[in-house]
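Shown below: input.cif, with mmCIF, C-alpha atoms.
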```cif
data_my_file
loop_
_atom_site.label_atom_id
_atom_site.label_comp_id
_atom_site.auth_asym_id
_atom_site.auth_seq_id
_atom_site.Cartn_x
_atom_site.Cartn_y
_atom_site.Cartn_z
CA MET K 991 7.86 8.39 2.96
CA ARG K 992 4.47 8.58 1.28
CA LYS K 993 3.27 12.05 0.32
CA MET K 994 -0.21 12.25 1.82
CA VAL K 995 -0.97 15.83 0.71
CA THR K 996 0.32 17.53 -2.41
CA ILE K 997 -0.47 20.49 -4.62
CA GLU K 998 -2.11 19.11 -7.74
CA SER K 999 -3.84 20.27 -10.89
CA ILE K 1000 -7.43 19.23 -11.56
CA GLU K 1001 -7.30 17.11 -14.71
CA GLU K 1002 -11.01 17.17 -15.47
CA VAL K 1003 -14.38 17.76 -13.85
CA LEU K 1004 -17.45 15.76 -14.86
CA PRO K 1005 -21.07 15.61 -13.74
CA ILE K 1006 -22.44 12.80 -11.58
CA PRO K 1007 -25.73 11.49 -12.98
CA GLY K 1008 -28.64 12.48 -10.75
CA ALA K 1009 -26.52 14.77 -8.56
CA ASP K 1010 -27.18 18.52 -8.46
CA ALA K 1011 -24.79 19.70 -5.75
CA ILE K 1012 -21.67 17.60 -6.44
CA GLN K 1013 -19.38 16.65 -9.33
CA LYS K 1014 -16.44 14.31 -9.75
CA ALA K 1015 -12.91 15.58 -10.29
CA ARG K 1016 -9.88 13.62 -11.48
CA ILE K 1017 -6.52 14.23 -9.82
CA ARG K 1018 -3.74 12.05 -11.24
CA GLY K 1019 -5.50 8.67 -11.43
CA TRP K 1020 -7.92 9.31 -8.58
CA TRP K 1021 -11.56 10.36 -8.84
CA CYS K 1022 -13.00 12.26 -5.90
CA VAL K 1023 -16.29 14.03 -5.30
CA VAL K 1024 -16.19 17.83 -5.06
CA LYS K 1025 -18.76 20.60 -4.65
CA LYS K 1026 -20.41 21.66 -7.88
CA ASP K 1027 -18.60 24.54 -9.61
CA GLU K 1028 -15.84 24.56 -6.95
CA PHE K 1029 -13.24 23.54 -9.54
CA LYS K 1030 -12.68 23.60 -13.26
CA SER K 1031 -10.05 21.79 -15.30
CA GLY K 1032 -6.58 23.24 -14.67
CA ASP K 1033 -7.32 24.66 -11.22
CA LEU K 1034 -4.85 23.98 -8.44
CA CYS K 1035 -5.98 22.12 -5.33
CA CYS K 1036 -4.67 20.57 -2.15
CA PHE K 1037 -5.14 16.85 -2.69
CA PHE K 1038 -5.34 14.57 0.35
CA GLU K 1039 -4.86 10.87 -0.45
CA VAL K 1040 -6.95 8.07 1.01
CA ASP K 1041 -5.66 7.09 4.49
CA SER K 1042 -4.74 10.67 5.32
CA PHE K 1043 -5.18 11.41 9.04
CA LEU K 1044 -6.42 14.99 9.19
CA PRO K 1045 -6.26 17.31 12.21
CA ILE K 1046 -9.44 18.59 13.83
CA VAL K 1047 -9.40 22.13 12.44
CA SER K 1048 -12.07 24.32 10.89
CA GLN K 1049 -11.18 23.40 7.28
CA PHE K 1050 -12.21 19.78 7.93
CA GLU K 1051 -15.26 20.39 10.14
CA PHE K 1052 -17.58 19.05 7.42
CA LEU K 1053 -16.02 15.59 7.85
CA ALA K 1054 -17.48 15.35 11.35
CA LYS K 1055 -20.94 14.92 9.81
CA GLY K 1056 -20.01 11.58 8.28
CA SER K 1057 -17.83 9.95 10.92
CA LYS K 1058 -16.48 10.31 14.42
CA PRO K 1059 -12.85 11.34 14.92
CA LYS K 1060 -10.37 8.52 15.30
CA LYS K 1061 -7.36 8.29 17.57
CA MET K 1062 -3.79 7.48 16.60
CA ILE K 1063 -0.45 7.52 18.36
CA VAL K 1064 1.78 10.20 16.80
CA ASP K 1065 5.31 10.69 18.16
CA GLY K 1066 4.36 8.84 21.33
CA ALA K 1067 1.25 10.90 22.06
CA GLU K 1068 -2.41 10.18 21.32
CA LYS K 1069 -3.89 12.42 18.65
CA GLU K 1070 -7.46 12.82 17.38
CA GLY K 1071 -8.28 13.34 13.74
CA TYR K 1072 -10.31 12.32 10.71
CA ARG K 1073 -9.32 9.39 8.52
CA LEU K 1074 -10.04 9.61 4.79
CA LYS K 1075 -11.51 6.41 3.38
CA THR K 1076 -12.94 5.24 0.07
CA VAL K 1077 -16.62 6.16 -0.05
CA ILE K 1078 -19.51 6.05 -2.54
CA LEU K 1079 -21.54 9.24 -3.01
CA ARG K 1080 -24.52 9.15 -5.33
CA GLY K 1081 -23.09 6.03 -6.94
CA GLN K 1082 -19.65 7.56 -7.51
CA VAL K 1083 -16.54 6.05 -5.91
CA SER K 1084 -14.65 8.88 -4.22
CA GLN K 1085 -11.03 8.38 -3.19
CA GLY K 1086 -9.28 11.28 -1.54
CA LEU K 1087 -10.20 14.89 -0.87
CA ALA K 1088 -9.61 17.96 -3.04
CA LEU K 1089 -9.86 21.41 -1.47
CA PRO K 1090 -9.02 24.81 -2.98
CA VAL K 1091 -5.53 26.10 -2.28
CA SER K 1092 -7.13 29.30 -0.96
CA VAL K 1093 -8.45 27.36 2.06
CA PHE K 1094 -4.90 27.04 3.42
CA PRO K 1095 -2.95 30.35 3.51
CA GLN K 1096 0.28 28.57 4.49
CA VAL K 1097 0.58 26.80 1.12
CA GLN K 1098 0.14 29.77 -1.20
CA GLY K 1099 2.72 29.89 -4.00
CA PHE K 1100 3.64 26.20 -3.97
CA GLU K 1101 3.98 24.45 -7.33
CA VAL K 1102 2.27 21.30 -8.57
CA GLY K 1103 3.71 18.23 -6.89
CA ALA K 1104 4.86 20.03 -3.75
CA ASP K 1105 4.57 17.89 -0.62
CA ILE K 1106 2.60 19.88 1.95
CA THR K 1107 1.83 16.99 4.31
CA SER K 1108 3.75 18.29 7.31
CA LEU K 1109 2.69 21.90 6.73
CA LEU K 1110 -0.94 20.86 7.20
CA ASP K 1111 -0.18 18.57 10.16
CA VAL K 1112 -1.37 15.49 8.25
CA PHE K 1113 -0.15 11.94 8.82
CA LYS K 1114 -0.72 8.57 7.21
CA TYR K 1115 -3.35 6.79 9.26
CA GLU K 1116 -2.01 3.70 11.00
CA ALA K 1117 -4.42 1.40 12.79
CA PRO K 1118 -3.46 0.39 16.33
CA ILE K 1119 -0.80 -2.33 16.20
CA PRO K 1120 -2.17 -5.60 17.61
CA ALA K 1121 -0.20 -7.11 20.45
CA CYS K 1122 0.91 -10.05 18.28
CA LEU K 1123 2.73 -7.65 15.91
CA SER K 1124 4.27 -5.32 18.45
CA GLY K 1125 7.61 -6.13 19.92
CA GLU K 1126 10.77 -4.83 21.53
CA LEU K 1127 13.00 -3.07 19.05
CA LYS K 1128 16.38 -4.57 18.27
CA GLY K 1129 17.42 -1.68 16.05
CA ALA K 1130 16.99 -0.04 12.67
CA PHE K 1131 15.75 -1.87 9.60
CA PRO K 1132 18.82 -3.37 7.86
CA ALA K 1133 20.30 -0.80 5.48
CA TYR K 1134 21.27 -3.46 2.94
CA VAL K 1135 17.64 -4.52 2.28
CA PRO K 1136 15.05 -2.25 0.59
CA LYS K 1137 11.87 -1.70 2.56
CA THR K 1138 8.62 -2.98 1.10
CA ASP K 1139 6.66 -0.11 -0.35
CA GLU K 1140 4.47 -0.56 -3.44
CA GLU K 1141 2.96 2.58 -4.97
CA HIS K 1142 -0.64 2.88 -6.17
CA ILE K 1143 -0.96 2.85 -9.97
CA GLN K 1144 -3.17 5.96 -9.63
CA ASN K 1145 0.00 7.85 -8.67
CA LEU K 1146 2.01 6.39 -11.56
CA LEU K 1147 -0.22 6.96 -14.59
CA PRO K 1148 2.70 7.85 -16.94
CA TRP K 1149 3.96 4.27 -16.43
CA LEU K 1150 1.01 2.96 -18.43
CA ASP K 1151 2.64 4.62 -21.44
CA ASP K 1152 6.29 4.29 -20.39
CA TYR K 1153 6.03 0.49 -19.99
CA ARG K 1154 3.31 -0.21 -22.53
CA GLY K 1155 3.99 -3.44 -24.41
CA GLN K 1156 6.43 -4.75 -21.80
CA HIS K 1157 6.06 -8.03 -19.91
CA PHE K 1158 4.96 -8.08 -16.28
CA TYR K 1159 3.81 -10.74 -13.87
CA SER K 1160 1.09 -10.18 -11.29
CA THR K 1161 0.53 -11.61 -7.82
CA VAL K 1162 -2.47 -11.46 -5.51
CA LYS K 1163 -2.08 -8.88 -2.75
CA ILE K 1164 -2.68 -10.44 0.66
CA ASP K 1165 -4.15 -8.23 3.37
CA GLY K 1166 -1.85 -8.63 6.35
CA SER K 1167 1.32 -7.12 7.76
CA SER K 1168 4.65 -6.92 5.94
CA MET K 1169 7.58 -8.93 7.31
CA THR K 1170 11.22 -8.99 6.24
CA SER K 1171 13.82 -11.49 7.40
CA SER K 1172 17.49 -11.40 6.38
CA ARG K 1173 20.75 -13.20 7.07
CA TYR K 1174 23.94 -11.42 6.12
CA HIS K 1175 27.48 -12.08 7.31
CA GLY K 1176 26.05 -14.07 10.18
CA GLU K 1177 23.64 -11.34 11.32
CA PHE K 1178 20.03 -12.55 11.41
CA ASP K 1179 17.13 -10.09 11.49
CA VAL K 1180 13.36 -10.36 11.71
CA CYS K 1181 11.68 -7.08 10.88
CA SER K 1182 8.36 -5.32 10.79
CA HIS K 1183 7.85 -2.74 8.07
CA GLU K 1184 10.12 -0.26 9.85
CA TRP K 1185 12.24 -1.99 12.52
CA SER K 1186 14.31 -5.01 13.38
CA LEU K 1187 12.73 -6.75 16.37
CA LYS K 1188 14.18 -8.65 19.31
CA GLU K 1189 13.40 -12.35 19.42
CA SER K 1190 10.14 -13.14 21.21
CA GLU K 1191 7.63 -15.96 20.92
CA LYS K 1192 4.89 -13.39 21.65
CA ASN K 1193 5.57 -11.69 18.31
CA THR K 1194 3.94 -13.03 15.12
CA PHE K 1195 6.93 -12.19 12.92
CA TRP K 1196 9.24 -14.16 15.18
CA ARG K 1197 6.74 -17.02 15.40
CA MET K 1198 6.86 -17.19 11.60
CA ALA K 1199 10.65 -17.18 11.76
CA HIS K 1200 10.53 -20.10 14.19
CA LYS K 1201 7.85 -21.94 12.20
CA TYR K 1202 10.01 -21.92 9.06
CA ASP K 1203 13.32 -22.12 10.95
CA LEU K 1204 14.54 -19.05 9.08
CA ARG K 1205 17.65 -18.64 11.20
CA ASN K 1206 18.99 -21.93 9.84
CA ARG K 1207 17.20 -22.34 6.51
CA LEU K 1208 17.58 -18.85 5.07
CA PRO K 1209 20.91 -18.80 3.18
CA ASP K 1210 23.44 -16.15 4.15
CA GLY K 1211 23.29 -13.20 1.78
CA TYR K 1212 19.51 -13.31 1.23
CA ALA K 1213 16.38 -11.67 2.55
CA ILE K 1214 12.79 -12.74 2.16
CA GLN K 1215 9.87 -10.36 2.25
CA GLY K 1216 6.31 -11.47 2.70
CA GLU K 1217 2.90 -10.88 4.19
CA CYS K 1218 1.92 -12.27 7.58
CA ALA K 1219 -1.81 -12.90 7.49
CA GLY K 1220 -4.44 -14.64 9.56
CA GLU K 1221 -6.08 -14.44 12.93
CA GLY K 1222 -5.40 -11.22 14.83
CA ILE K 1223 -3.90 -9.43 11.79
CA SER K 1224 -5.71 -6.69 9.79
CA ASP K 1225 -9.08 -7.95 11.05
CA ASN K 1226 -8.28 -11.23 9.27
CA ARG K 1227 -10.41 -10.16 6.32
CA HIS K 1228 -9.50 -13.34 4.41
CA LYS K 1229 -10.93 -15.39 7.33
CA LEU K 1230 -7.83 -17.61 7.57
CA LYS K 1231 -7.27 -20.19 10.30
CA GLY K 1232 -4.18 -19.47 12.40
CA GLN K 1233 -1.41 -17.30 10.97
CA ASP K 1234 0.98 -17.82 8.08
CA LEU K 1235 3.66 -16.15 5.97
CA PHE K 1236 3.35 -15.66 2.21
CA VAL K 1237 6.61 -14.60 0.50
CA PHE K 1238 6.36 -12.04 -2.31
CA TYR K 1239 10.05 -11.12 -2.81
CA VAL K 1240 13.45 -12.74 -2.35
CA PHE K 1241 16.36 -10.30 -2.32
CA ASP K 1242 19.99 -11.16 -3.16
CA ILE K 1243 21.88 -8.82 -0.84
CA ASP K 1244 25.32 -9.07 -2.46
CA LYS K 1245 23.94 -8.43 -5.96
CA PHE K 1246 21.44 -5.93 -4.54
CA LYS K 1247 18.65 -7.24 -6.73
CA PHE K 1248 15.37 -9.12 -6.41
CA LEU K 1249 15.07 -12.61 -7.82
CA GLU K 1250 12.94 -13.13 -10.91
CA LEU K 1251 9.58 -14.84 -10.36
CA GLU K 1252 10.69 -18.36 -11.35
CA ASP K 1253 13.91 -18.05 -9.34
CA MET K 1254 11.95 -16.82 -6.32
CA GLU K 1255 9.54 -19.76 -6.60
CA HIS K 1256 12.42 -22.23 -6.87
CA PHE K 1257 14.19 -20.63 -3.91
CA CYS K 1258 11.04 -20.86 -1.77
CA SER K 1259 10.15 -24.41 -2.83
CA GLN K 1260 13.67 -25.65 -2.01
CA ILE K 1261 13.44 -24.23 1.51
CA GLY K 1262 9.74 -24.85 2.10
CA PHE K 1263 8.36 -21.31 2.07
CA LYS K 1264 4.91 -20.42 0.76
CA THR K 1265 4.60 -17.64 -1.82
CA VAL K 1266 1.74 -15.27 -2.46
CA PRO K 1267 -0.66 -16.63 -5.11
CA ILE K 1268 0.43 -15.94 -8.69
CA HIS K 1269 -2.32 -14.33 -10.74
CA ASP K 1270 -0.65 -14.05 -14.17
CA ARG K 1271 2.87 -15.22 -15.02
CA ASP K 1272 3.23 -13.15 -18.16
CA ILE K 1273 0.98 -10.21 -18.90
CA ILE K 1274 1.76 -7.58 -21.51
CA LEU K 1275 0.98 -4.15 -20.13
CA ASP K 1276 -1.51 -2.65 -22.56
CA HIS K 1277 -4.14 -1.41 -20.14
CA THR K 1278 -6.02 1.66 -19.08
CA LEU K 1279 -6.40 2.51 -15.42
CA GLU K 1280 -10.02 1.41 -15.63
CA SER K 1281 -9.16 -2.01 -17.06
CA LEU K 1282 -6.51 -2.57 -14.37
CA LEU K 1283 -9.02 -1.68 -11.66
CA LYS K 1284 -11.48 -4.15 -13.16
CA LEU K 1285 -8.81 -6.87 -13.18
CA SER K 1286 -8.06 -6.20 -9.52
CA ASP K 1287 -11.56 -7.34 -8.53
CA GLY K 1288 -12.12 -11.04 -8.00
CA PRO K 1289 -12.04 -13.82 -5.41
CA CYS K 1290 -9.11 -14.33 -3.07
CA PRO K 1291 -7.36 -17.67 -3.74
CA LEU K 1292 -6.86 -18.14 0.00
CA ASN K 1293 -10.63 -17.94 0.50
CA PRO K 1294 -12.62 -17.88 -2.78
CA THR K 1295 -15.81 -16.85 -0.96
CA LEU K 1296 -14.26 -13.42 -0.26
CA PRO K 1297 -12.85 -10.70 -2.54
CA ARG K 1298 -9.11 -10.25 -2.94
CA GLU K 1299 -7.42 -7.04 -1.85
CA GLY K 1300 -5.96 -6.44 -5.29
CA LEU K 1301 -2.97 -7.25 -7.50
CA VAL K 1302 0.72 -6.33 -7.56
CA TYR K 1303 2.50 -6.04 -10.94
CA CYS K 1304 6.27 -6.48 -11.41
CA LEU K 1305 8.27 -5.85 -14.58
CA LYS K 1306 10.01 -9.00 -15.83
CA GLY K 1307 13.71 -9.07 -16.68
CA SER K 1308 14.53 -5.67 -15.18
CA GLU K 1309 17.78 -4.89 -13.34
CA ARG K 1310 15.79 -2.78 -10.89
CA LYS K 1311 12.41 -3.41 -9.34
CA ILE K 1312 9.61 -1.77 -11.30
CA SER K 1313 6.33 -2.55 -9.59
CA PHE K 1314 2.97 -1.11 -8.62
CA LYS K 1315 -0.21 -2.16 -6.85
CA VAL K 1316 -3.82 -1.98 -7.95
CA ILE K 1317 -6.20 -2.15 -5.00
CA SER K 1318 -9.70 -3.47 -5.65
CA ASN K 1319 -12.44 -0.88 -5.14
CA GLU K 1320 -14.79 -3.80 -4.50
CA TYR K 1321 -12.57 -4.76 -1.56
CA LEU K 1322 -12.20 -1.22 -0.22
CA ILE K 1323 -15.94 -0.59 -0.31
CA ARG K 1324 -16.86 -3.96 1.23
CA TYR K 1325 -14.62 -3.38 4.25
CA GLY K 1326 -15.08 0.37 4.60
CA LEU K 1327 -11.49 1.19 3.75
#
```

Using the file provided, produce a representation of the structure as structure tokens.
Amino acid sequence: MRKMVTIESIEEVLPIPGADAIQKARIRGWWCVVKKDEFKSGDLCCFFEVDSFLPIVSQFEFLAKGSKPKKMIVDGAEKEGYRLKTVILRGQVSQGLALPVSVFPQVQGFEVGADITSLLDVFKYEAPIPACLSGELKGAFPAYVPKTDEEHIQNLLPWLDDYRGQHFYSTVKIDGSSMTSSRYHGEFDVCSHEWSLKESEKNTFWRMAHKYDLRNRLPDGYAIQGECAGEGISDNRHKLKGQDLFVFYVFDIDKFKFLELEDMEHFCSQIGFKTVPIHDRDIILDHTLESLLKLSDGPCPLNPTLPREGLVYCLKGSERKISFKVISNEYLIRYGL
């Protein structure tokens, strides 16, 4: 589960040109705007990642000036709170929120890296699920298939040194909803990000399964994972007609490993599946965070008139999946995310 709030150390604090009351602070790979002189390098803070859903309490009252509270279903009940989004303040991109540890008495004494999400009653914001993606639960997500969960490169900065000089491939991230389908020992599953769903023509995931005849065409012992995108999904920011499935991983269940890029493409072409667009088949990782963020900007191959959401990088030739995502700030700012 993603850690939405952690104790972190302020890496550096720099001025923002033309700004007298605010500065920018770097936490891991994220830059966020803070009050002037509130922090100095080395100070501890409570760092709230983008997409945090914050409770309506006095420590967050200042957020009410910029946006109205949102509603989200939490444990079956409707809850009001503030959603953290990417914003631009005095020309500076701000992603996340840093507050002094002293603001929250319940987290005193915690060390750097401590997950304090539940202590502060914070959740990951989840937009309301459209009817086409909701469905009746069949059961748990299959235990023999890893869930899809790419981490932001801003949270993995040491990797830029650990894997420097190694070969990766990159794919275009499609803004939609993650789907997994598997067939193993005769058991066929169609899953959302968290659950296996009962068969229903009202559900987009199952409509994709029917469209590509996955029950019959997916070989036993394999799972495919992809992005469902199009009308009615994630505001259809790519402006696609209809709905479609774009495969980004094929998983060999018996070997418990993901297929290499070329093998995945061959697998999909033999069966008739579409894959996500390939951005670079062989890229040597020798980048700074800033250069990766710059590369993430650009047109979406599915609709070149619109920006892409970002890129996903995967290490080539590895026995285990080493991957990360780089989300385009251009995309986040354009769509208010």

Pick out the residues sitting within 7 Å of Ile1243 in chain K, and hand them over as a ChimeraX atom specification; count all atoms listed in the file, and ignore anything fewer than 2 positions along from it in its own chain. /K:1134-1135,1211-1212,1241,1245-1247

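Of the residues listed (K:Asp1010, K:Glu1177, K:Asp1165, K:Asp1253), K:Asp1165 shows the shortest atom-to-atom separation from Gly1222 in chain K; distances use only C-alpha atoms.
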
Near-Phe1314 in chain K list (7 Å; only C-alpha atoms; drop same-chain fewer than 3 positions) as a PyMOL selection string: chain K and resi 1140-1143+1302-1304

Those residues with C-alpha atoms, as a PDB file, keeping the file's coordinate frame please?
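The file below, out.pdb, is the result:
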```pdb
ATOM      1  CA  GLU K1140       4.470  -0.560  -3.440  1.00  0.00           C
ATOM      2  CA  GLU K1141       2.960   2.580  -4.970  1.00  0.00           C
ATOM      3  CA  HIS K1142      -0.640   2.880  -6.170  1.00  0.00           C
ATOM      4  CA  ILE K1143      -0.960   2.850  -9.970  1.00  0.00           C
ATOM      5  CA  VAL K1302       0.720  -6.330  -7.560  1.00  0.00           C
ATOM      6  CA  TYR K1303       2.500  -6.040 -10.940  1.00  0.00           C
ATOM      7  CA  CYS K1304       6.270  -6.480 -11.410  1.00  0.00           C
TER       8      CYS K1304
END
```

Residues within 8 Å of (16.0, -3.5, -8.5), file coords, only C-alpha atoms, listed as JSON, numbers by chain: {"K": [1246, 1247, 1248, 1308, 1309, 1310, 1311, 1312]}

Which polymer residues, protein or nucleic acid, are no farther than 6 Å from (9.9, -13.3, -0.3), counting all atoms listed in the file, as a PyMOL selection string? chain K and resi 1214-1216+1237-1240

Dump as a CSV table (one decimal), in the frame of the given file, selection limited to C-alpha atoms:
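After the write, part-v6.csv holds the following:
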```csv
chain,number,residue,atom,x,y,z
K,1214,ILE,CA,12.8,-12.7,2.2
K,1215,GLN,CA,9.9,-10.4,2.2
K,1216,GLY,CA,6.3,-11.5,2.7
K,1237,VAL,CA,6.6,-14.6,0.5
K,1238,PHE,CA,6.4,-12.0,-2.3
K,1239,TYR,CA,10.0,-11.1,-2.8
K,1240,VAL,CA,13.4,-12.7,-2.4
```

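Distances from K:Ile1268, K:Leu1322, K:Leu1127, K:Cys1290 to His1228 in chain K were compared using only C-alpha atoms, and the smallest one belongs to K:Cys1290.
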
May I have the residues within 10 Å of Pro1007 in chain K as a count of residues only, using only C-alpha atoms and disregarding those fewer than 5 positions away in the same chain? 5

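Residue membership of the PyMOL selection byres ((chain K and resi 1159) around 10) in the shown file amounts to K:His1157, K:Phe1158, K:Ser1160, K:Thr1161, K:Glu1250, K:Leu1251, K:Ile1268, K:His1269, K:Asp1270, K:Arg1271, K:Asp1272, K:Ile1273, K:Ile1274, K:Leu1275, K:Leu1301, K:Val1302, K:Tyr1303, K:Cys1304, K:Leu1305, K:Lys1306, K:Ser1313.
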
Residue members of the PyMOL selection byres ((chain K and resi 1052-1060) around 6) in the file shown, as a ChimeraX atom specification: /K:1050-1051,1061,1070-1072

Env of range 1186-1196 of chain K: 12 Å cut, atoms = all atoms listed in the file, seq-sep filter 4 positions within chain, self excluded. Answer as an mmCIF file with C-alpha atoms, in the coordinates of the input.
```cif
data_model
loop_
_atom_site.group_PDB
_atom_site.id
_atom_site.type_symbol
_atom_site.label_atom_id
_atom_site.label_comp_id
_atom_site.auth_asym_id
_atom_site.auth_seq_id
_atom_site.Cartn_x
_atom_site.Cartn_y
_atom_site.Cartn_z
ATOM 1 C CA ILE K 1119 -0.800 -2.330 16.200
ATOM 2 C CA PRO K 1120 -2.170 -5.600 17.610
ATOM 3 C CA ALA K 1121 -0.200 -7.110 20.450
ATOM 4 C CA CYS K 1122 0.910 -10.050 18.280
ATOM 5 C CA LEU K 1123 2.730 -7.650 15.910
ATOM 6 C CA SER K 1124 4.270 -5.320 18.450
ATOM 7 C CA GLY K 1125 7.610 -6.130 19.920
ATOM 8 C CA GLU K 1126 10.770 -4.830 21.530
ATOM 9 C CA LEU K 1127 13.000 -3.070 19.050
ATOM 10 C CA LYS K 1128 16.380 -4.570 18.270
ATOM 11 C CA GLY K 1129 17.420 -1.680 16.050
ATOM 12 C CA ALA K 1130 16.990 -0.040 12.670
ATOM 13 C CA PHE K 1131 15.750 -1.870 9.600
ATOM 14 C CA PRO K 1132 18.820 -3.370 7.860
ATOM 15 C CA ALA K 1133 20.300 -0.800 5.480
ATOM 16 C CA VAL K 1135 17.640 -4.520 2.280
ATOM 17 C CA LYS K 1137 11.870 -1.700 2.560
ATOM 18 C CA GLY K 1166 -1.850 -8.630 6.350
ATOM 19 C CA SER K 1167 1.320 -7.120 7.760
ATOM 20 C CA SER K 1168 4.650 -6.920 5.940
ATOM 21 C CA MET K 1169 7.580 -8.930 7.310
ATOM 22 C CA THR K 1170 11.220 -8.990 6.240
ATOM 23 C CA SER K 1171 13.820 -11.490 7.400
ATOM 24 C CA SER K 1172 17.490 -11.400 6.380
ATOM 25 C CA GLU K 1177 23.640 -11.340 11.320
ATOM 26 C CA PHE K 1178 20.030 -12.550 11.410
ATOM 27 C CA ASP K 1179 17.130 -10.090 11.490
ATOM 28 C CA VAL K 1180 13.360 -10.360 11.710
ATOM 29 C CA CYS K 1181 11.680 -7.080 10.880
ATOM 30 C CA SER K 1182 8.360 -5.320 10.790
ATOM 31 C CA HIS K 1200 10.530 -20.100 14.190
ATOM 32 C CA LYS K 1201 7.850 -21.940 12.200
ATOM 33 C CA TYR K 1202 10.010 -21.920 9.060
ATOM 34 C CA ASP K 1203 13.320 -22.120 10.950
ATOM 35 C CA LEU K 1204 14.540 -19.050 9.080
ATOM 36 C CA ARG K 1205 17.650 -18.640 11.200
ATOM 37 C CA GLN K 1215 9.870 -10.360 2.250
ATOM 38 C CA GLY K 1216 6.310 -11.470 2.700
ATOM 39 C CA GLU K 1217 2.900 -10.880 4.190
ATOM 40 C CA CYS K 1218 1.920 -12.270 7.580
ATOM 41 C CA ALA K 1219 -1.810 -12.900 7.490
ATOM 42 C CA GLY K 1220 -4.440 -14.640 9.560
ATOM 43 C CA GLU K 1221 -6.080 -14.440 12.930
ATOM 44 C CA GLY K 1222 -5.400 -11.220 14.830
ATOM 45 C CA ILE K 1223 -3.900 -9.430 11.790
ATOM 46 C CA GLY K 1232 -4.180 -19.470 12.400
ATOM 47 C CA GLN K 1233 -1.410 -17.300 10.970
ATOM 48 C CA ASP K 1234 0.980 -17.820 8.080
ATOM 49 C CA LEU K 1235 3.660 -16.150 5.970
ATOM 50 C CA PHE K 1236 3.350 -15.660 2.210
#
```

In Å, how far is it from CA of Leu1034 in chain K to CA of Ile1000 in chain K? 6.2 Å

Centre and size of axis-aligned box enclosing range 1260-1277 of chain K plus 6 Å each side, as AutoDock Vina command-line options:
```
--center_x 4.8 --center_y -13.5 --center_z -10.2 --size_x 29.8 --size_y 36.2 --size_z 36.7
```
